[in-house]
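coords_29.cif (mmCIF, N, CA and C atoms)
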```cif
data_protein
#
loop_
_atom_site.label_atom_id
_atom_site.label_comp_id
_atom_site.auth_asym_id
_atom_site.auth_seq_id
_atom_site.Cartn_x
_atom_site.Cartn_y
_atom_site.Cartn_z
N MET A 17 15.34 9.38 16.08
CA MET A 17 14.41 8.66 15.25
C MET A 17 13.36 7.98 16.12
N LYS A 18 12.11 8.03 15.64
CA LYS A 18 11.01 7.38 16.31
C LYS A 18 10.28 6.50 15.31
N ILE A 19 9.56 5.52 15.84
CA ILE A 19 8.70 4.68 15.02
C ILE A 19 7.27 4.96 15.43
N TRP A 20 6.44 5.26 14.44
CA TRP A 20 5.02 5.54 14.64
C TRP A 20 4.23 4.41 14.01
N ILE A 21 3.24 3.89 14.73
CA ILE A 21 2.43 2.80 14.21
C ILE A 21 1.00 3.28 14.01
N ASP A 22 0.51 3.12 12.79
CA ASP A 22 -0.90 3.33 12.48
C ASP A 22 -1.60 2.09 13.05
N ALA A 23 -1.96 2.17 14.33
CA ALA A 23 -2.27 0.98 15.11
C ALA A 23 -3.65 0.39 14.90
N ASP A 24 -4.58 1.13 14.34
CA ASP A 24 -5.93 0.61 14.18
C ASP A 24 -5.97 -0.64 13.31
N ALA A 25 -5.12 -0.73 12.31
CA ALA A 25 -5.15 -1.88 11.40
C ALA A 25 -3.87 -2.70 11.41
N CYS A 26 -2.95 -2.40 12.29
CA CYS A 26 -1.68 -3.12 12.32
C CYS A 26 -1.86 -4.48 13.00
N PRO A 27 -1.45 -5.55 12.35
CA PRO A 27 -1.60 -6.88 12.95
C PRO A 27 -0.80 -7.02 14.26
N VAL A 28 -1.35 -7.78 15.18
CA VAL A 28 -0.72 -7.97 16.49
C VAL A 28 0.70 -8.51 16.35
N VAL A 29 0.90 -9.47 15.46
CA VAL A 29 2.23 -10.07 15.31
C VAL A 29 3.27 -9.02 14.87
N ILE A 30 2.86 -8.05 14.07
CA ILE A 30 3.77 -6.99 13.63
C ILE A 30 4.07 -6.05 14.80
N LYS A 31 3.04 -5.74 15.59
CA LYS A 31 3.27 -4.92 16.79
C LYS A 31 4.27 -5.59 17.71
N GLU A 32 4.15 -6.90 17.89
CA GLU A 32 5.07 -7.63 18.77
C GLU A 32 6.51 -7.55 18.26
N ILE A 33 6.70 -7.65 16.96
CA ILE A 33 8.04 -7.50 16.38
C ILE A 33 8.58 -6.11 16.70
N LEU A 34 7.73 -5.10 16.57
CA LEU A 34 8.14 -3.72 16.85
C LEU A 34 8.44 -3.50 18.32
N PHE A 35 7.67 -4.11 19.21
CA PHE A 35 7.92 -3.97 20.65
C PHE A 35 9.29 -4.54 21.00
N ARG A 36 9.60 -5.70 20.44
CA ARG A 36 10.93 -6.31 20.71
C ARG A 36 12.05 -5.43 20.15
N ALA A 37 11.84 -4.89 18.97
CA ALA A 37 12.85 -4.03 18.36
C ALA A 37 13.06 -2.76 19.18
N ALA A 38 11.99 -2.21 19.71
CA ALA A 38 12.08 -0.99 20.53
C ALA A 38 13.00 -1.22 21.72
N ASP A 39 12.79 -2.31 22.43
CA ASP A 39 13.62 -2.60 23.60
C ASP A 39 15.05 -2.95 23.20
N ARG A 40 15.20 -3.72 22.12
CA ARG A 40 16.53 -4.13 21.68
C ARG A 40 17.37 -2.94 21.21
N LYS A 41 16.75 -2.05 20.44
CA LYS A 41 17.47 -0.91 19.85
C LYS A 41 17.32 0.38 20.65
N LYS A 42 16.48 0.33 21.71
CA LYS A 42 16.23 1.51 22.55
C LYS A 42 15.70 2.67 21.71
N ILE A 43 14.65 2.36 20.93
CA ILE A 43 14.01 3.33 20.04
C ILE A 43 12.56 3.51 20.49
N GLN A 44 12.11 4.74 20.53
CA GLN A 44 10.74 5.04 20.93
C GLN A 44 9.76 4.58 19.86
N VAL A 45 8.76 3.80 20.27
CA VAL A 45 7.69 3.33 19.40
C VAL A 45 6.38 3.85 19.98
N THR A 46 5.61 4.53 19.14
CA THR A 46 4.32 5.07 19.58
C THR A 46 3.22 4.55 18.67
N LEU A 47 2.21 3.97 19.29
CA LEU A 47 1.03 3.51 18.57
C LEU A 47 -0.01 4.61 18.62
N ILE A 48 -0.62 4.90 17.48
CA ILE A 48 -1.67 5.91 17.43
C ILE A 48 -2.92 5.23 16.87
N ALA A 49 -4.02 5.34 17.64
CA ALA A 49 -5.27 4.67 17.26
C ALA A 49 -6.45 5.44 17.82
N ASN A 50 -7.61 5.17 17.26
CA ASN A 50 -8.81 5.82 17.78
C ASN A 50 -9.57 4.91 18.74
N GLN A 51 -8.89 3.90 19.22
CA GLN A 51 -9.44 3.00 20.24
C GLN A 51 -8.30 2.62 21.18
N PRO A 52 -8.59 2.14 22.36
CA PRO A 52 -7.51 1.76 23.27
C PRO A 52 -6.70 0.60 22.70
N VAL A 53 -5.39 0.68 22.84
CA VAL A 53 -4.52 -0.41 22.40
C VAL A 53 -3.63 -0.83 23.57
N ARG A 54 -3.35 -2.11 23.61
CA ARG A 54 -2.51 -2.64 24.68
C ARG A 54 -1.06 -2.53 24.27
N VAL A 55 -0.25 -2.07 25.20
CA VAL A 55 1.18 -1.97 24.96
C VAL A 55 1.91 -2.63 26.13
N PRO A 56 3.11 -3.14 25.88
CA PRO A 56 3.86 -3.77 26.96
C PRO A 56 4.39 -2.72 27.93
N ASN A 57 4.76 -3.17 29.08
CA ASN A 57 5.36 -2.30 30.08
C ASN A 57 6.82 -2.06 29.66
N SER A 58 7.05 -1.02 28.90
CA SER A 58 8.37 -0.70 28.37
C SER A 58 8.54 0.81 28.35
N ARG A 59 9.71 1.26 28.68
CA ARG A 59 9.95 2.70 28.62
C ARG A 59 10.05 3.20 27.18
N TYR A 60 10.13 2.27 26.23
CA TYR A 60 10.28 2.64 24.82
C TYR A 60 8.99 2.54 24.01
N VAL A 61 7.90 2.11 24.64
CA VAL A 61 6.65 1.92 23.92
C VAL A 61 5.52 2.67 24.62
N ASP A 62 4.77 3.45 23.83
CA ASP A 62 3.61 4.12 24.39
C ASP A 62 2.51 4.19 23.33
N ALA A 63 1.35 4.66 23.74
CA ALA A 63 0.21 4.74 22.83
C ALA A 63 -0.51 6.06 23.03
N ILE A 64 -1.06 6.56 21.95
CA ILE A 64 -1.87 7.77 21.97
C ILE A 64 -3.22 7.40 21.37
N GLN A 65 -4.29 7.68 22.12
CA GLN A 65 -5.63 7.45 21.61
C GLN A 65 -6.19 8.78 21.14
N VAL A 66 -6.65 8.79 19.89
CA VAL A 66 -7.26 9.99 19.31
C VAL A 66 -8.75 9.76 19.20
N SER A 67 -9.50 10.82 18.93
CA SER A 67 -10.94 10.67 18.79
C SER A 67 -11.27 9.89 17.52
N SER A 68 -12.47 9.35 17.49
CA SER A 68 -12.93 8.61 16.31
C SER A 68 -13.17 9.59 15.18
N GLY A 69 -13.07 9.08 13.98
CA GLY A 69 -13.34 9.91 12.82
C GLY A 69 -12.42 9.53 11.68
N PHE A 70 -12.84 9.90 10.50
CA PHE A 70 -12.09 9.58 9.29
C PHE A 70 -10.72 10.26 9.30
N ASP A 71 -9.68 9.47 9.21
CA ASP A 71 -8.29 9.93 9.12
C ASP A 71 -7.78 10.69 10.35
N VAL A 72 -8.45 10.61 11.48
CA VAL A 72 -7.99 11.33 12.67
C VAL A 72 -6.63 10.79 13.12
N ALA A 73 -6.49 9.46 13.17
CA ALA A 73 -5.21 8.87 13.57
C ALA A 73 -4.12 9.20 12.55
N ASP A 74 -4.46 9.10 11.27
CA ASP A 74 -3.49 9.42 10.22
C ASP A 74 -3.01 10.87 10.34
N ASN A 75 -3.95 11.78 10.56
CA ASN A 75 -3.58 13.20 10.68
C ASN A 75 -2.68 13.44 11.89
N GLU A 76 -2.92 12.70 12.96
CA GLU A 76 -2.08 12.84 14.16
C GLU A 76 -0.65 12.35 13.88
N ILE A 77 -0.55 11.26 13.13
CA ILE A 77 0.78 10.76 12.76
C ILE A 77 1.50 11.79 11.91
N VAL A 78 0.83 12.33 10.90
CA VAL A 78 1.45 13.33 10.02
C VAL A 78 1.88 14.55 10.81
N LYS A 79 1.07 14.96 11.77
CA LYS A 79 1.40 16.13 12.60
C LYS A 79 2.68 15.88 13.42
N ARG A 80 2.86 14.67 13.92
CA ARG A 80 3.96 14.38 14.83
C ARG A 80 5.23 13.86 14.16
N VAL A 81 5.11 13.25 13.00
CA VAL A 81 6.28 12.62 12.37
C VAL A 81 7.31 13.67 11.96
N GLU A 82 8.57 13.28 12.07
CA GLU A 82 9.67 14.16 11.68
C GLU A 82 10.57 13.43 10.68
N ALA A 83 11.39 14.20 9.99
CA ALA A 83 12.33 13.62 9.03
C ALA A 83 13.16 12.54 9.72
N GLY A 84 13.31 11.41 9.04
CA GLY A 84 14.10 10.31 9.58
C GLY A 84 13.30 9.30 10.39
N ASP A 85 12.07 9.64 10.76
CA ASP A 85 11.22 8.71 11.50
C ASP A 85 10.72 7.61 10.56
N LEU A 86 10.16 6.56 11.16
CA LEU A 86 9.58 5.46 10.41
C LEU A 86 8.11 5.32 10.81
N VAL A 87 7.24 5.19 9.82
CA VAL A 87 5.81 4.99 10.06
C VAL A 87 5.44 3.61 9.53
N ILE A 88 4.76 2.83 10.38
CA ILE A 88 4.28 1.52 9.98
C ILE A 88 2.81 1.66 9.61
N THR A 89 2.50 1.44 8.33
CA THR A 89 1.14 1.61 7.85
C THR A 89 0.94 0.87 6.53
N SER A 90 -0.29 0.46 6.30
CA SER A 90 -0.65 -0.05 4.98
C SER A 90 -1.52 0.97 4.24
N ASP A 91 -1.71 2.13 4.85
CA ASP A 91 -2.50 3.22 4.28
C ASP A 91 -1.62 4.02 3.32
N LEU A 92 -1.86 3.86 2.04
CA LEU A 92 -0.99 4.49 1.03
C LEU A 92 -1.02 6.01 1.05
N PRO A 93 -2.20 6.66 1.18
CA PRO A 93 -2.16 8.12 1.28
C PRO A 93 -1.37 8.61 2.50
N LEU A 94 -1.47 7.90 3.62
CA LEU A 94 -0.66 8.26 4.79
C LEU A 94 0.82 8.08 4.49
N ALA A 95 1.18 6.98 3.86
CA ALA A 95 2.57 6.74 3.49
C ALA A 95 3.10 7.87 2.61
N ALA A 96 2.29 8.30 1.64
CA ALA A 96 2.71 9.39 0.75
C ALA A 96 2.96 10.68 1.54
N GLU A 97 2.10 10.96 2.51
CA GLU A 97 2.26 12.19 3.30
C GLU A 97 3.52 12.15 4.16
N VAL A 98 3.82 11.01 4.76
CA VAL A 98 5.02 10.96 5.61
C VAL A 98 6.29 10.98 4.77
N ILE A 99 6.23 10.41 3.58
CA ILE A 99 7.39 10.46 2.69
C ILE A 99 7.67 11.91 2.29
N GLU A 100 6.60 12.69 2.07
CA GLU A 100 6.76 14.11 1.75
C GLU A 100 7.45 14.87 2.88
N LYS A 101 7.34 14.37 4.11
CA LYS A 101 7.98 15.00 5.26
C LYS A 101 9.36 14.40 5.54
N SER A 102 9.90 13.65 4.56
CA SER A 102 11.23 13.02 4.65
C SER A 102 11.31 11.95 5.72
N ALA A 103 10.18 11.33 6.01
CA ALA A 103 10.16 10.16 6.88
C ALA A 103 10.01 8.93 5.99
N ALA A 104 10.11 7.76 6.58
CA ALA A 104 9.97 6.51 5.83
C ALA A 104 8.66 5.84 6.20
N ALA A 105 8.16 5.01 5.29
CA ALA A 105 6.92 4.27 5.54
C ALA A 105 7.14 2.81 5.16
N LEU A 106 6.73 1.93 6.05
CA LEU A 106 6.89 0.49 5.86
C LEU A 106 5.56 -0.20 6.10
N SER A 107 5.16 -1.06 5.18
CA SER A 107 3.89 -1.78 5.35
C SER A 107 4.10 -2.98 6.26
N PRO A 108 3.03 -3.46 6.90
CA PRO A 108 3.14 -4.67 7.72
C PRO A 108 3.54 -5.90 6.92
N ARG A 109 3.48 -5.83 5.61
CA ARG A 109 3.92 -6.95 4.76
C ARG A 109 5.38 -6.81 4.33
N GLY A 110 6.04 -5.76 4.81
CA GLY A 110 7.46 -5.61 4.54
C GLY A 110 7.81 -4.78 3.31
N GLU A 111 6.83 -4.09 2.76
CA GLU A 111 7.12 -3.24 1.60
C GLU A 111 7.52 -1.85 2.08
N LEU A 112 8.73 -1.45 1.73
CA LEU A 112 9.21 -0.11 2.07
C LEU A 112 8.73 0.84 0.99
N PHE A 113 7.90 1.78 1.38
CA PHE A 113 7.40 2.78 0.43
C PHE A 113 8.45 3.88 0.31
N THR A 114 8.68 4.30 -0.91
CA THR A 114 9.69 5.33 -1.18
C THR A 114 9.10 6.39 -2.09
N SER A 115 9.82 7.47 -2.25
CA SER A 115 9.36 8.52 -3.17
C SER A 115 9.30 7.99 -4.60
N GLU A 116 10.06 6.93 -4.91
CA GLU A 116 10.06 6.34 -6.25
C GLU A 116 8.86 5.43 -6.50
N ASN A 117 8.31 4.79 -5.46
CA ASN A 117 7.24 3.82 -5.71
C ASN A 117 5.86 4.23 -5.17
N ILE A 118 5.79 5.24 -4.35
CA ILE A 118 4.52 5.54 -3.68
C ILE A 118 3.45 6.06 -4.64
N ARG A 119 3.83 6.89 -5.59
CA ARG A 119 2.82 7.45 -6.51
C ARG A 119 2.14 6.35 -7.31
N SER A 120 2.91 5.40 -7.84
CA SER A 120 2.29 4.32 -8.62
C SER A 120 1.40 3.46 -7.73
N ARG A 121 1.79 3.24 -6.49
CA ARG A 121 0.97 2.47 -5.56
C ARG A 121 -0.35 3.19 -5.26
N VAL A 122 -0.28 4.50 -5.06
CA VAL A 122 -1.51 5.27 -4.81
C VAL A 122 -2.41 5.25 -6.04
N ASN A 123 -1.82 5.34 -7.22
CA ASN A 123 -2.61 5.29 -8.46
C ASN A 123 -3.33 3.96 -8.60
N ILE A 124 -2.65 2.86 -8.29
CA ILE A 124 -3.27 1.54 -8.37
C ILE A 124 -4.41 1.44 -7.35
N ARG A 125 -4.18 1.94 -6.16
CA ARG A 125 -5.21 1.94 -5.11
C ARG A 125 -6.44 2.71 -5.58
N ASP A 126 -6.21 3.89 -6.15
CA ASP A 126 -7.33 4.71 -6.62
C ASP A 126 -8.09 4.01 -7.75
N PHE A 127 -7.37 3.34 -8.64
CA PHE A 127 -8.00 2.59 -9.72
C PHE A 127 -8.88 1.48 -9.16
N MET A 128 -8.36 0.75 -8.16
CA MET A 128 -9.13 -0.33 -7.55
C MET A 128 -10.36 0.22 -6.83
N ASP A 129 -10.23 1.38 -6.20
CA ASP A 129 -11.40 2.01 -5.56
C ASP A 129 -12.47 2.32 -6.61
N THR A 130 -12.04 2.81 -7.76
CA THR A 130 -12.97 3.11 -8.85
C THR A 130 -13.66 1.83 -9.33
N MET A 131 -12.90 0.76 -9.45
CA MET A 131 -13.47 -0.52 -9.88
C MET A 131 -14.52 -1.01 -8.87
N ARG A 132 -14.19 -0.93 -7.58
CA ARG A 132 -15.13 -1.37 -6.56
C ARG A 132 -16.39 -0.51 -6.57
N ALA A 133 -16.22 0.80 -6.78
CA ALA A 133 -17.37 1.71 -6.81
C ALA A 133 -18.29 1.41 -7.99
N SER A 134 -17.74 0.84 -9.05
CA SER A 134 -18.57 0.52 -10.21
C SER A 134 -19.14 -0.90 -10.13
N GLY A 135 -18.94 -1.57 -8.99
CA GLY A 135 -19.57 -2.87 -8.77
C GLY A 135 -18.68 -4.07 -8.97
N VAL A 136 -17.43 -3.87 -9.33
CA VAL A 136 -16.52 -5.01 -9.51
C VAL A 136 -16.03 -5.46 -8.15
N HIS A 137 -16.14 -6.76 -7.89
CA HIS A 137 -15.66 -7.31 -6.62
C HIS A 137 -14.18 -7.68 -6.77
N THR A 138 -13.32 -6.92 -6.09
CA THR A 138 -11.88 -7.13 -6.24
C THR A 138 -11.28 -7.96 -5.11
N GLY A 139 -12.04 -8.19 -4.05
CA GLY A 139 -11.51 -8.95 -2.91
C GLY A 139 -10.53 -8.09 -2.13
N GLY A 140 -10.12 -8.58 -1.00
CA GLY A 140 -9.17 -7.86 -0.17
C GLY A 140 -7.82 -8.53 -0.22
N PRO A 141 -6.89 -8.01 0.55
CA PRO A 141 -5.57 -8.63 0.57
C PRO A 141 -5.63 -9.98 1.27
N PRO A 142 -4.73 -10.89 0.94
CA PRO A 142 -4.70 -12.18 1.62
C PRO A 142 -4.26 -12.00 3.07
N PRO A 143 -4.55 -12.98 3.92
CA PRO A 143 -4.11 -12.89 5.31
C PRO A 143 -2.58 -12.79 5.40
N LEU A 144 -2.12 -12.14 6.44
CA LEU A 144 -0.68 -12.03 6.68
C LEU A 144 -0.12 -13.43 6.91
N ASN A 145 0.96 -13.79 6.21
CA ASN A 145 1.53 -15.12 6.38
C ASN A 145 2.97 -15.02 6.91
N GLN A 146 3.60 -16.15 7.08
CA GLN A 146 4.96 -16.19 7.64
C GLN A 146 5.95 -15.44 6.76
N GLN A 147 5.81 -15.53 5.45
CA GLN A 147 6.71 -14.81 4.55
C GLN A 147 6.56 -13.30 4.73
N ASP A 148 5.33 -12.84 4.91
CA ASP A 148 5.09 -11.41 5.14
C ASP A 148 5.77 -10.97 6.43
N ARG A 149 5.60 -11.76 7.48
CA ARG A 149 6.23 -11.42 8.77
C ARG A 149 7.74 -11.34 8.64
N GLN A 150 8.31 -12.32 7.93
CA GLN A 150 9.76 -12.34 7.74
C GLN A 150 10.22 -11.15 6.90
N ALA A 151 9.46 -10.82 5.86
CA ALA A 151 9.80 -9.67 5.02
C ALA A 151 9.75 -8.38 5.84
N PHE A 152 8.75 -8.27 6.71
CA PHE A 152 8.65 -7.09 7.57
C PHE A 152 9.85 -7.01 8.51
N ALA A 153 10.15 -8.10 9.19
CA ALA A 153 11.26 -8.12 10.14
C ALA A 153 12.58 -7.80 9.45
N ASN A 154 12.78 -8.32 8.25
CA ASN A 154 14.01 -8.05 7.51
C ASN A 154 14.12 -6.59 7.11
N GLN A 155 13.03 -6.00 6.59
CA GLN A 155 13.05 -4.59 6.21
C GLN A 155 13.28 -3.70 7.43
N LEU A 156 12.62 -4.05 8.55
CA LEU A 156 12.79 -3.28 9.78
C LEU A 156 14.24 -3.32 10.23
N ASP A 157 14.84 -4.50 10.22
CA ASP A 157 16.25 -4.64 10.62
C ASP A 157 17.16 -3.81 9.70
N ARG A 158 16.91 -3.86 8.40
CA ARG A 158 17.72 -3.05 7.46
C ARG A 158 17.57 -1.57 7.76
N PHE A 159 16.35 -1.14 8.00
CA PHE A 159 16.11 0.27 8.29
C PHE A 159 16.81 0.69 9.58
N LEU A 160 16.70 -0.11 10.61
CA LEU A 160 17.29 0.24 11.91
C LEU A 160 18.82 0.15 11.88
N ALA A 161 19.37 -0.60 10.96
CA ALA A 161 20.84 -0.73 10.86
C ALA A 161 21.48 0.51 10.24
N ARG A 162 20.68 1.35 9.59
CA ARG A 162 21.23 2.56 8.94
C ARG A 162 21.79 3.53 9.95
#
```
Output the structure of this file as structure tokens.
Amino acid sequence: MKIWIDADACPVVIKEILFRAADRKKIQVTLIANQPVRVPNSRYVDAIQVSSGFDVADNEIVKRVEAGDLVITSDLPLAAEVIEKSAAALSPRGELFTSENIRSRVNIRDFMDTMRASGVHTGGPPPLNQQDRQAFANQLDRFLAR
């Protein structure tokens, strides 16, 4: 099992939780981004830089992910693709995406995109807070305990 991080938008505090988990559980964690990312000096953590472009990092994750792997992302279409490959997807806010909930989440996202395109200001997600960090750490621990 490997953990893949959609690193372009992943909060630093979440990356730090993952770095500690990688060393503690001896699990490979790979960050994929279209810009350089800093990683700790660990045999369990590495980074891959891909070229710039729409969904280039996402496509690289989908290409590399295998059944049983975990992908950290808030990108719902990416989460849907990795779930189709029998991998798991976890948001930085601690929401575990599953085959049961991903379709409705993508539908809501698409609806909100339509609303924004028609001029409705929907705002963005609130800043990551301590509850979100704790929810993420708890879901990660549950996943790694399997």
Practice task
Please indicate the distance in Å from CA of Glu76 (chain A) to CA of Ala63 (chain A), rounded to one decimal place.
Solution key: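 Separation of CA of Glu76 (chain A) and CA of Ala63 (chain A): 12.1 Å.
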Exercise for the section: Please identify which residues in region 40-151 of chain A DSSP calls alpha helix (DSSP H) from the backbone, and express them as an MDAnalysis selection string. Expected result: chainID A and resid 40:41 72:80 92:100 118:133 146:151
Practice task
Please provide as a PyMOL selection string all residues within 7 Å of region 38-54 of chain A, with the sequence filter that same-chain residues fewer than 4 positions apart are discarded (counting all atoms listed in the file).
Solution key: chain A and resi 17-24+33-34+59-69+73-74+77
Exercise for the section: Can you list, as a list in words, all residues belonging to chain A that DSSP tags as strand (DSSP E or B)? Expected result: Lys18, Ile19, Trp20, Ile21, Asp22, Gln44, Val45, Thr46, Leu47, Ile48, Ala49, Val61, Asp62, Ala63, Ile64, Gln65, Leu86, Val87, Ile88, Ala104, Ala105, Leu106, Leu112 and Phe113 of chain A
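Nearest to Gln150 (chain A) of all the residues A:Asn57, A:Gly110, A:Leu92, A:Ala83 is A:Gly110, counting all atoms listed in the file.
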Problem - d(CA of Ala161 (chain A), CA of Pro143 (chain A)) in Å - result: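 That distance, rounded to one decimal, is 28.3 Å.
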Problem - Residues near region 111-119 of chain A, cut-off 9 Å, only C-alpha atoms, skip fewer than 3 positions along chain, as an MDAnalysis selection string - result: chainID A and resid 92:93 95:96 99:100 104:108 122:124 151:152 155
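The coordinates place atom C of Ser90 (chain A) at 15.4 Å from atom N of Asp148 (chain A).
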